[in-house]
Every structure is written in C-alpha cells, then in structure tokens.
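Encoded as structure tokens, the structure appears first; notes follow it.
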Number of protein chains: 2
Amino acid sequence: MTPTMKAYKILEDEPVFTPAEVGGFTAAAVGVDVRQTGDRQRLDLALLVSDQPCTVAGVFTRNSLAAAPVQLGRAQLSKGTTAKAVLVNSGNANAATGESGYTDALRMQQDCATLLEVAPHEVYVASTGRIGRHLPMDAIGKGLPELVTALAPDYESGMRAAEAILTSDTRRKVASVAIDTPSGPVRLSGMAKGAGMIEPNMATMLAFIVTDAAVAREDLQTLLQEAVQGSFNAITVDGDQSTNDTVLVLANGESTVAFSPDHPDAWTVFKKAMKRVCQQLAQLIVGDGEKVTKVVELRVTGASSVEEAEQAARAVGNSLLVKSSWYGNDPNWGRVLDAVGYSGARTREDSFSISYMDTEGSEGVPAFAKGRVFEEHLSKWKQIVAQPRFVIGIELGEGPGAYTLWSTDLTEDYVDFNKSE
Amino acid sequence: MTPTMKAYKILEDEPVFTPAEVGGFTAAAVGVDVRQTGDRQRLDLALLVSDQPCTVAGVFTRNSLAAAPVQLGRAQLSKGTTAKAVLVNSGNANAATGESGYTDALRMQQDCATLLEVAPHEVYVASTGRIGRHLPMDAIGKGLPELVTALAPDYESGMRAAEAILTSDTRRKVASVAIDTPSGPVRLSGMAKGAGMIEPNMATMLAFIVTDAAVAREDLQTLLQEAVQGSFNAITVDGDQSTNDTVLVLANGESTVAFSPDHPDAWTVFKKAMKRVCQQLAQLIVGDGEKVTKVVELRVTGASSVEEAEQAARAVGNSLLVKSSWYGNDPNWGRVLDAVGYSGARTREDSFSISYMDTEGSEGVPAFAKGRVFEEHLSKWKQIVAQPRFVIGIELGEGPGAYTLWSTDLTEDYVDFNKSE
C-alpha cells in the first residue's frame with residue numbers, strides 16, 4: 001500500500017480505548033497477593049498478549065542498580081527479536097534481590113511462555129513495588145494459568161490490566177489514539193503507572209504501549225526515544241529515579257498498515273500519535289503524583305543551550321522550597337530565581353525574567369525582569385498560583401535554548417505518606 | 001618569635017566565647033525593623049569591628065544570581081586589602097534588586113565606614129532574608145549610630161550579634177577554639193546562621209569567624225577553603241543554595257602570634273582549630289535545619305573517586321523519599337540503594353553494601369551486602385533509625401573514594417513552614 005498525502009490523520013474526539021482493544025491484542029489481570037498480606041482481591045498481576053509476533057522498542061531506567069526484570073528486558077531488547085507478551089507484577093520490585101532475583105524473573109518469563117505456548121524470549125516481564133524482597137514465586141506461579149485463561153480483547157480486561165500495575169497511584173492511567181488511513185484505522189493504546197518517585201529518566205514508572213501498526217524495530221526504537229524525551233522524561237514529582245522504570249512499545253502489524261520514515265507524511269502522523277499517547281500518559285502520571293495538589297508547567301527559554309534550559313527547569317522543579325511555596329499558593333518568585341541561579345545554567349540578573357501564566361495560553365504577568373520587581377502585579381500572581389494548574393515562564397536572556405518541564409507541589413501529605421512504607 | 005614544636009596546642013574544654021571576646025574585636029547589634037513589620041524589638045543589624053586592620057579570607061555562593069552584598073564582597077576580596085568591620089542585616093537579602101540594590105549595599109558600607117572613621121573598603125556587608133525587596137535604607141541609616149555606640153568586647157554583645165543575623169533559625173550559633181602558644185593564647189570564634197536552604201556551597205548560610213592570630217592573606221584564604229570543604233559544604237537540609245551565602249574570616253594579629261605554612265607544626269594546629277570552628281558551626285546549622293528532627297551522617301566509601309562518593313552521598317542526602325522515611329523511623333535501605341543507583345556514582349549490586357550505625361562509632365549493622373538482604377537485623381536497624389542522630393555506611397566496592405555528608409530528615413512541618421513566607 002502506498003501512503004497518500006493527507007490521507008493519514010489522527011481521529012480527534014475518539015473515546016478512550018484500552019490496549020486490549022487494539023487489533024490482535026488481549027489483556028487480563030488477576031490478584032495473587034504479591035504483597036503477601038493475605039489480600040487476593042487486589043489485582044497485582046497483568047498480562048498483555050498479541051496473536052502475532054510484534055516488533056519491540058524499549059527504554060529502561062538508567063539507575064545503575066537496576067532491578068532483575070530490567071536487566072532481563074535490556075538483554076532481550078538488545079537481541080532484536082520479536083515478542084508476543086508482557087507480564088507485569090506490582091507490589092514487589094524484584095530489585096536488590098541478587099542472583100536469585102534474576103532467576104525469579106527468568107522463571108516468570110519461562111512459566112508464562114509455557115502457558116502461552118510461545119518462546120521465553122517472546123515474553124517481557126516487569127515489576128514494581130518494594131525493593132529488596134524476593135518475589136512470592138509460588139503465588140505468581142499459581143496465578144498464571146488463571147491469568148492466561150482470562151485474556152480477552154475488551155475494555156474491561158484492558159482496564160483490569162491497567163489497575164493491576166498500580167502501586168501508590170490513585171487512578172488507572174490509559175491513553176489512546178486512532179489514526180485514519182486509506183486502509184482503515186490504526187490504533188495505539190497504552191497503560192502506565194507512576195505516582196511518586198517520578199523524575200528524569202522515568203523514575204518509578206512503567207508504561208506499556210501497543211499498536212496494530214506495522215513498524216520496523218529500528219524505526220520504532222527511534223520513535224519511542226524521541227517521544228519519551230518530551231513526555232515521560234519531562235515530568236518530575238520528587239526528583240527520585242527508580243530501579244525499575246520501563247517503557248515498552250509492541251507493534252503487531254495486525255492492521256496491515258505499515259509506517260516508516262521512507263513515507264514521511266504517514267510517518268509524521270504516526271510519530272504525532274505516539275507522542276500524544278506518551279504525553280497523555282505522562283500528564284496522567286504527574287497529575288497523580290503522590291499527594292499532589294498542583295501541576296506546574298515550567299517553560300524555560302533563552303538558555304545558552306537546551307541542556308542548560310533543562311538544568312534550570314529541573315533545579316526549579318525539584319526545589320523543596322519552590323515546591324512548598326506552590327502548595328501554599330505563594331508566588332515566591334525569589335525562590336524560583338534562587339534555584340535558577342544555582343542550576344548551573346548561565347544567566348545574569350539584567351537579562352533574566354520570570355512571569356506567571358494561566359494554562360490557557362493567556363499572556364504572562366511579569367514578576368521580575370532585568371533587575372525590576374513588578375510588585376504591582378502581586379494580586380495577579382497570587383490568583384494564578386492558587387490554581388491547580390499554572391505556568392511559570394523563565395527567560396534567561398542568553399540564547400535559543402528552551403525546555404518545558406511539568407512539576408508538582410510538595411505537600412505535608414507527601415511526607416506523611418512516605419514516612420513509612 | 002620562633003614557633004617551637006609541641007608548644008602549640010588546642011585548649012580542650014574551654015567555655016565557648018564569642019567573636020567579641022577575641023583580642024581586639026568588639027561586637028554589637030540593634031533592631032531597626034529591616035522586615036518593616038513595625039517590630040523594632042527583633043535584632044536585625046549586627047556589627048563586628050577590629051581595632052587593628054585584618055587580613056581577610058572569604059568564600060561566597062556560586063549562585064549566578066548572587067545578591068548585591070555578595071557582588072560587592074567579592075570585588076573587595078579580590079583587591080586583597082585589609083578590613084576592619086563586617087556589617088550584617090537579616091530580614092532582607094538585597095538580592096534580585098538590580099542596580100539600586102548594589103547602590104544600597106555600597107551605601108551601607110559607606111555610612112558604616114564614616115561612623116567608624118575607616119575607609120569604605122575596610123567594611124564588608126552581608127544580607128540575608130527575603131529576595132526581591134529593596135532594603136529599608138532609612139531605617140538602617142538611622143540605626144547605624146546606635147549600633148556603633150553599642151560596640152563592646154563582651155560575651156553579651158557577641159551573642160546579640162549572633163542573634164541579629166538569624167532568620168528562620170531557632171538558636172544562636174557560636175563556636176570557638178583557643179590555642180595555647182609559647183607567647184600566650186590565640187583565639188578563634190565564629191558566628192553563623194543557617195536553617196533551611198542548606199546545600200552544597202553553603203546555601204543560605206552566613207558565617208563570620210574572627211581570630212587574633214596574625215596570618216597572611218593568601219594563607220588564610222587557602223586555609224578557609226580547605227576548612228569549608230569538610231564543614232559548611234558537607235551539610236544538606238533541602239538541597240537549595242542561596243543567593244547570599246558568605247563565609248568571612250578576619251585575622252587581626254592582636255595576639256602577636258603569627259601562623260604560616262613555613263612553620264608546619266604551629267600551622268597544623270591553627271588549621272585544626274579553624275576546621276574545628278567551621279565544623280562546629282556547620283553541625284549547629286544542620287542540627288537547626290528547618291523543622292528537622294534527625295541528623296544523619298552518610299559515610300560513603302569505596303567509590304571510584306571522591307567526586308563519585310560525593311555524588312552518591314548527595315543523591316541519598318537529598319532524596320525526598322529517603323528523608324521522609326527517616327522522619328518516619330523507617331530503615332528503608334531500598335530507597336538508599338535506589339538513590340545511589342541514580343546518583344551517577346559507579347557501583348554494582350554484587351559489590352554494594354549498606355549498613356546502619358550508632359553515632360558512637362559502634363560497629364555497623366548490615367542491611368544489604370552484595371545481593372543479600374539481612375532481614376534478620378530489621379529490629380536493630382529500626383532501633384538505630386529511631387535515634388535523633390545516626391550513621392549510614394554506604395560501600396560502593398569500586399575504589400578508594402570516600403565522602404561524608406550530614407543530612408536531615410524531611411518533615412511535614414518543613415512543608416507547612418515553607419508553604420508561605
């Protein structure tokens with residue numbers, strides 16, 4: 001099929017559909033009491049399966065003490081073979097579990113593959129939860145047959161899977177995009193978990209995205225890495241990064257519609273669709289940060305480089321003093337200035353400015369510009385900072401570098417929630 | 001005078017004395033309502049003066065948006081001239097105040113010099129407090145004559161000065177060391193303010209140390225930089241760095257005892273004395289961190305380099321999840337492992353270990369070592385972490401690099417306290 005210009009477009013206003021509703025995929029979830037608390041009602045084991053072999057792309061945590069399933073997944077991905085399934089447990093990270101932890105991850109993979117009648121390397125595994133405890137392998141092994149039997153291609157099964165991967169999240173996170181093509185619709189859908197410990201390089205987050213498009217492995221990998229930069233890597237709740245972060249994309253070609261950079265117009269639409277799914281999931285994650293009451297968009301411009309713009313944004317977005325002031329509805333731009341000053345990004349007092357904005361793209365209200373404080377706007381800043389979502393514009397006046405980061409406030413409830421686990 | 005070996009020694013168990021009690025120095029403080037709240041009872045203007053010209057050493061914040069008094073102080077220091085006074089206000093940082101802020105700092109310097117009958121360049125000024133507001137120059141100008149009149153060489157005047165420089169601190173911070181020499185005693189005494197926003201490179205902290213030793217400017221500067229590394233730069237409360245951090249040392253030679261690296265034995269004792277004053281002040285600061293209930297010593301060893309050891313220590317010491325768990329008496333070593341993993345310091349699961357220790361140098365209780373979890377020691381970890389001070393040993397198993405950092409817990413009260421200013 002030859003892609004025709006303008007014939008590919010994202011379908012707007014489609015209702016959300018789950019990974020289980022993407023052509024050729026099924027999903028399921030069961031509760032096996034991974035946490036060993038006696039609660040089998042809580043879903044904690046999820047499975048996504050494709051009828052057809054899928055090309056796979058993946059991005060993993062850069063934490064040097066990565067969990068066993070991450071080590072296994074990296075090894076699988078590097079071999080470049082196709083896959084058919086992703087098995088995920090919540091409640092236990094299988095991290096800092098030594099060699100026997102790696103053996104457990106291998107056994108999850110093997111047992112699942114046997115039941116699905118596929119090769120072990122066709123099954124990816126992922127874990128999230130408490131570090132330093134061995135997985136309850138008996139409980140997981142006993143739950144697997146029920147999990148495989150429950151596989152179904154419907155909304156409910158997809159939502160159950162999306163629920164089973166959660167830890168301290170308060171909401172299930174699913175995002176989807178459909179593309180209209182000359183050969184019929186192509187679908188992308190993903191599920192994610194996040195909550196606390198969200199900072200660069202996708203800390204404590206899992207995301208699994210499936211599509212019925214046909215995409216070559218290398219192209220899918222490039223696409224994912226680009227999409228992750230402007231989405232999962234551009235959010236921060238508490239600056240921590242986890243041992244288990246994993247983003248996987250599986251493309252099974254069931255729609256028979258192929259996308260490749262050789263056909264740039266169709267490719268551009270597919271890229272946009274992937275980016276949108278990643279951004280929606282990232283926004284759901286940051287909005288569900290642990291005990292968060294506010295999401296703040298930090299738009300840094302005028303930096304000497306993109307890297308310096310990112311440094312400035314992260315210094316502000318991770319400053320405890322700044323985050324505490326947002327929680328208190330205090331437009332404390334002095335703390336923002338202070339954080340930019342120690343970020344390492346170059347700027348000077350006489351070229352630097354800060355402004356507050358509504359999310360609805362209204363014009364910025366200046367707070368500080370080139371040595372002058374706009375105290376007369378104090379009531380306007382206060383009004384903006386009192387909203388659950390707002391934007392801070394930070395101009396460094398040095399060059400063309402820009403970066404946008406989504407951060408959150410820091411609340412007393414966050415500390416209370418995290419003081420023990 | 002020729003320094004004789006063994007004739008120089010630090011006098012242990014001396015009662016604490018203030019900068020005003022060091023030979024040739026006087027101190028004073030007044031309340032001028034810098035905060036413009038109508039409260040003139042609160043001391044907010046402090047002055048330290050030496051009869052004799054002093055050599056001066058200084059270390060300033062690396063924040064690129066440094067406050068006006070820091071810019072002025074840096075310029076003075078770079079000229080290498082002697083000084084006779086330090087004037088400090090709390091309640092207003094004179095930061096992000098543009099050119100007129102710099103003019104205000106110059107005027108503080110000039111007005112004080114006129115009253116003291118010294119040259120303007122002999123007066124250093126420092127400010128701490130809210131960013132982005134102009135100093136109430138009239139109030140400060142009116143208070144200066146009273147301040148100069150109040151100068152006295154006694155304990156009470158020194159303590160009043162130590163009080164006037166505080167912002168959110170709950171306690172005055174004074175440390176002192178006396179050295180016994182063949183020509184009589186030499187004294188060092190310093191005062192500091194800290195509390196929140198304490199992280200590398202001395203964030204939001206001021207310290208002023210005076211001595212009646214005679215020390216050449218270059219030697220004093222080298223000495224101070226070394227002492228700062230293992231003291232003020234090795235503490236962290238919230239990871240923020242301020243626009244105003246300043247450490248100054250003034251040596252007036254009043255004791256007639258000279259110290260220089262040319263006489264290594266005496267020099268070693270003087271270095272030790274300076275380091276002790278800096279460390280005591282740093283410990284007072286971290287122990288008085290905003291709403292802190294615990295001080296935790298992080299001893300990182302076995303890193304590939306000192307820099308990597310510091311990276312690992314700072315990642316742990318600044319992790320919100322780790323700090324929240326300390327507050328909850330939760331020995332969550334998994335979060336410590338996670339933070340080391342994303343710090344950038346090289347380590348591997350099979351060479352890495354974590355242990356908990358009492359401060360009294362008792363043996364460490366292992367939590368995790370080379371892939372093994374010592375769950376059987378859980379009750380011991382809990383006992384240690386419940387103490388107001390404890391030590392975490394972190395061995396990376398890579399090389400000889402070591403670094404010790406003092407951090408604190410993160411409390412709900414911290415967030416409540418900082419949600420507005």
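Labels used: A, B, ... for chains in the order of the structure tokens, numbers from 1 for residues in each chain, and numbers from 1 for ligands as shown.
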Counting only C-alpha atoms, chain A residues within 7 Å of chain B, as a PDB file with C-alpha atoms, in the first residue's frame:
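Result file is selection-v8.pdb:
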ATOM      1  CA  ARG A  62      19.493   4.482  33.927  1.00  0.00           C
ATOM      2  CA  ASN A  63      19.741   3.506  37.569  1.00  0.00           C
ATOM      3  CA  SER A  64      22.961   1.517  37.884  1.00  0.00           C
ATOM      4  CA  LEU A  65      21.324  -0.782  40.434  1.00  0.00           C
ATOM      5  CA  ALA A  96      18.280  -5.655  45.048  1.00  0.00           C
ATOM      6  CA  THR A  97      17.461  -9.339  45.083  1.00  0.00           C
ATOM      7  CA  GLY A  98      20.773 -10.640  43.737  1.00  0.00           C
ATOM      8  CA  ILE A 131      12.836  -3.036  46.879  1.00  0.00           C
ATOM      9  CA  GLY A 132      14.801  -5.856  48.492  1.00  0.00           C
ATOM     10  CA  ASP A 238      10.162  14.278  43.750  1.00  0.00           C
ATOM     11  CA  ASP A 240      13.935  10.339  42.551  1.00  0.00           C
ATOM     12  CA  GLN A 241      14.523   7.738  39.860  1.00  0.00           C
ATOM     13  CA  SER A 242      13.647   4.128  40.331  1.00  0.00           C
ATOM     14  CA  THR A 243      15.405   0.826  39.824  1.00  0.00           C
ATOM     15  CA  SER A 319      13.494  22.707  44.751  1.00  0.00           C
ATOM     16  CA  LEU A 320      11.775  21.815  48.016  1.00  0.00           C
ATOM     17  CA  LEU A 321      11.400  25.491  48.850  1.00  0.00           C
ATOM     18  CA  SER A 324       6.458  24.023  49.236  1.00  0.00           C
ATOM     19  CA  SER A 325       5.577  27.590  48.229  1.00  0.00           C
ATOM     20  CA  TRP A 326       3.323  26.368  45.387  1.00  0.00           C
ATOM     21  CA  TYR A 327       1.484  24.226  47.893  1.00  0.00           C
ATOM     22  CA  GLY A 328       0.914  27.352  49.966  1.00  0.00           C
ATOM     23  CA  ASP A 330       2.646  31.675  47.486  1.00  0.00           C
ATOM     24  CA  GLY A 334      12.516  34.828  44.653  1.00  0.00           C
ATOM     25  CA  ASP A 338      17.437  31.394  43.512  1.00  0.00           C
ATOM     26  CA  ALA A 339      17.027  27.888  42.027  1.00  0.00           C
ATOM     27  CA  GLY A 341      20.883  30.822  39.942  1.00  0.00           C
ATOM     28  CA  TYR A 342      22.326  27.618  41.369  1.00  0.00           C
ATOM     29  CA  THR A 347      22.095  33.883  33.135  1.00  0.00           C
ATOM     30  CA  ARG A 348      22.563  37.373  34.516  1.00  0.00           C
ATOM     31  CA  GLU A 349      20.313  39.480  36.712  1.00  0.00           C
ATOM     32  CA  GLY A 371      16.503  43.766  37.913  1.00  0.00           C
ATOM     33  CA  ARG A 372      12.965  45.134  38.317  1.00  0.00           C
ATOM     34  CA  VAL A 373      10.276  43.613  40.529  1.00  0.00           C
ATOM     35  CA  THR A 411       2.624  18.708  50.416  1.00  0.00           C
ATOM     36  CA  GLU A 412       2.597  17.745  54.065  1.00  0.00           C
ATOM     37  CA  VAL A 415       5.841  13.484  53.734  1.00  0.00           C
ATOM     38  CA  ASP A 416       3.235  11.784  55.884  1.00  0.00           C
ATOM     39  CA  ASN A 418       6.223   8.456  52.572  1.00  0.00           C
ATOM     40  CA  LYS A 419       7.473   8.449  56.125  1.00  0.00           C
ATOM     41  CA  SER A 420       6.956   4.709  56.177  1.00  0.00           C
TER      42      SER A 420
END
For this session: Would you mind listing what lies within 9 Å of range 253-270 of chain A as number ranges by chain, with only C-alpha atoms counted and same-chain residues fewer than 2 positions away left out?
Result: A: 1-10, 22-24, 51-55, 179, 181-187, 211-216, 219-220, 251, 272-275
For this session: List every residue of range 65-118 of chain B that DSSP, applied to the backbone of this structure, assigns to strand (DSSP E or B), and report them as a ChimeraX atom specification.
Result: /B:83-92
Generate the output file for the selected residues, N, CA and C atoms, as a compact mmCIF listing (two decimals), in the first residue's frame.
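Generated file (result.txt):
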# COMPACT_ATOMS: atom_id res chain seq x y z
N ALA B 83 40.81 44.77 56.19
CA ALA B 83 39.47 45.22 56.58
C ALA B 83 39.41 45.41 58.09
N LYS B 84 38.38 46.12 58.52
CA LYS B 84 38.22 46.36 59.96
C LYS B 84 36.82 46.03 60.48
N ALA B 85 35.86 45.79 59.57
CA ALA B 85 34.49 45.61 60.06
C ALA B 85 33.64 44.76 59.13
N VAL B 86 32.63 44.12 59.73
CA VAL B 86 31.61 43.39 58.96
C VAL B 86 30.25 43.84 59.48
N LEU B 87 29.41 44.33 58.55
CA LEU B 87 28.07 44.79 58.89
C LEU B 87 27.06 43.83 58.24
N VAL B 88 26.14 43.30 59.03
CA VAL B 88 25.21 42.28 58.53
C VAL B 88 23.78 42.63 58.89
N ASN B 89 22.86 42.50 57.91
CA ASN B 89 21.45 42.62 58.27
C ASN B 89 20.72 41.31 57.96
N SER B 90 19.73 40.99 58.75
CA SER B 90 18.83 39.88 58.43
C SER B 90 17.47 40.47 58.05
N GLY B 91 16.59 39.64 57.47
CA GLY B 91 15.23 40.09 57.14
C GLY B 91 15.06 40.53 55.70
N ASN B 92 16.15 40.75 55.00
CA ASN B 92 16.08 41.19 53.61
C ASN B 92 17.41 40.82 52.95
I'd like the neighbourhood of Ala105 in chain B as a compact mmCIF listing (two decimals) with N, CA, C and O atoms, in the first residue's frame, where a residue qualifies if any of its atoms comes within 8 Å (using only C-alpha atoms), though same-chain residues fewer than 5 positions away should be ignored.
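Just written: around.txt:
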# COMPACT_ATOMS: atom_id res chain seq x y z
N ALA B 68 23.49 41.55 45.88
CA ALA B 68 24.35 42.74 45.79
C ALA B 68 25.51 42.70 46.78
O ALA B 68 26.67 42.95 46.40
N PRO B 69 25.27 42.41 48.07
CA PRO B 69 26.40 42.41 49.01
C PRO B 69 27.46 41.36 48.67
O PRO B 69 28.64 41.56 48.97
N LEU B 72 29.54 42.82 45.91
CA LEU B 72 30.42 43.82 46.49
C LEU B 72 31.57 43.17 47.25
O LEU B 72 32.73 43.55 47.10
N ASN B 94 18.59 41.64 50.00
CA ASN B 94 19.12 42.57 48.99
C ASN B 94 19.59 41.78 47.76
O ASN B 94 20.68 42.02 47.23
N VAL B 125 29.91 44.02 53.87
CA VAL B 125 28.49 43.96 54.25
C VAL B 125 27.92 42.62 53.80
O VAL B 125 28.38 42.03 52.82
What's the 8 Å shell around Gln283 in chain B, counting only C-alpha atoms, without same-chain residues fewer than 4 positions away, as a PDB file with N, CA and C atoms, in the first residue's frame?
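Final output, saved to out-v5.pdb:
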ATOM      1  N   SER B 231      33.216  21.053  56.061  1.00  0.00           N
ATOM      2  CA  SER B 231      32.270  21.545  57.080  1.00  0.00           C
ATOM      3  C   SER B 231      31.017  22.113  56.413  1.00  0.00           C
ATOM      4  N   ILE B 235      27.172  19.667  54.425  1.00  0.00           N
ATOM      5  CA  ILE B 235      25.879  19.526  55.096  1.00  0.00           C
ATOM      6  C   ILE B 235      24.777  19.817  54.089  1.00  0.00           C
ATOM      7  N   GLN B 279      33.538  23.269  61.526  1.00  0.00           N
ATOM      8  CA  GLN B 279      32.717  22.063  61.683  1.00  0.00           C
ATOM      9  C   GLN B 279      31.672  22.223  62.772  1.00  0.00           C
ATOM     10  N   GLY B 287      21.884  20.824  62.525  1.00  0.00           N
ATOM     11  CA  GLY B 287      21.019  20.417  63.630  1.00  0.00           C
ATOM     12  C   GLY B 287      19.847  21.350  63.835  1.00  0.00           C
TER      13      GLY B 287
END
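Between CA of Val210 in chain B and CA of Val174 in chain B the separation is 11.5 Å.
Interatomic distance, CA of Ala207 in chain B against CA of Gly38 in chain B: 27.4 Å.
Distance annotation: of B:Leu405, B:Val365, B:Ala57, B:Val228, the residue with the minimal separation from Val300 in chain B is B:Leu405; atom set is only C-alpha atoms.
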For this session: Could you please determine the separation between CA of Ser189 in chain A and CA of Ala152 in chain A in Å, to one decimal place?
Result: 15.4 Å
Seminar exercise, completed: Min atom-atom distance to Ala313 in chain A from the set A:Glu395, A:Glu14, A:Asp358, A:Glu376, counting only C-alpha atoms, belongs to A:Glu395
For this session: Apply DSSP to the structure's backbone, then extract all residues of range 113-261 of chain B labelled alpha helix (DSSP H) and return them as a PyMOL selection string.
Result: chain B and resi 113-116+137-149+155-164+217-229
For this session: Write out as an NGL selection string which residues come within 7 Å of Gly58 in chain B when counting only C-alpha atoms, dropping same-chain ones fewer than 2 positions away.
Result: :B and (56 or 60 or 221 or 247-249)
Exercise. Pick the closest to Thr26 in chain B from B:Val292, B:Cys112, B:Leu151, B:Val336: which is it, counting only C-alpha atoms?
Worked result: B:Leu151
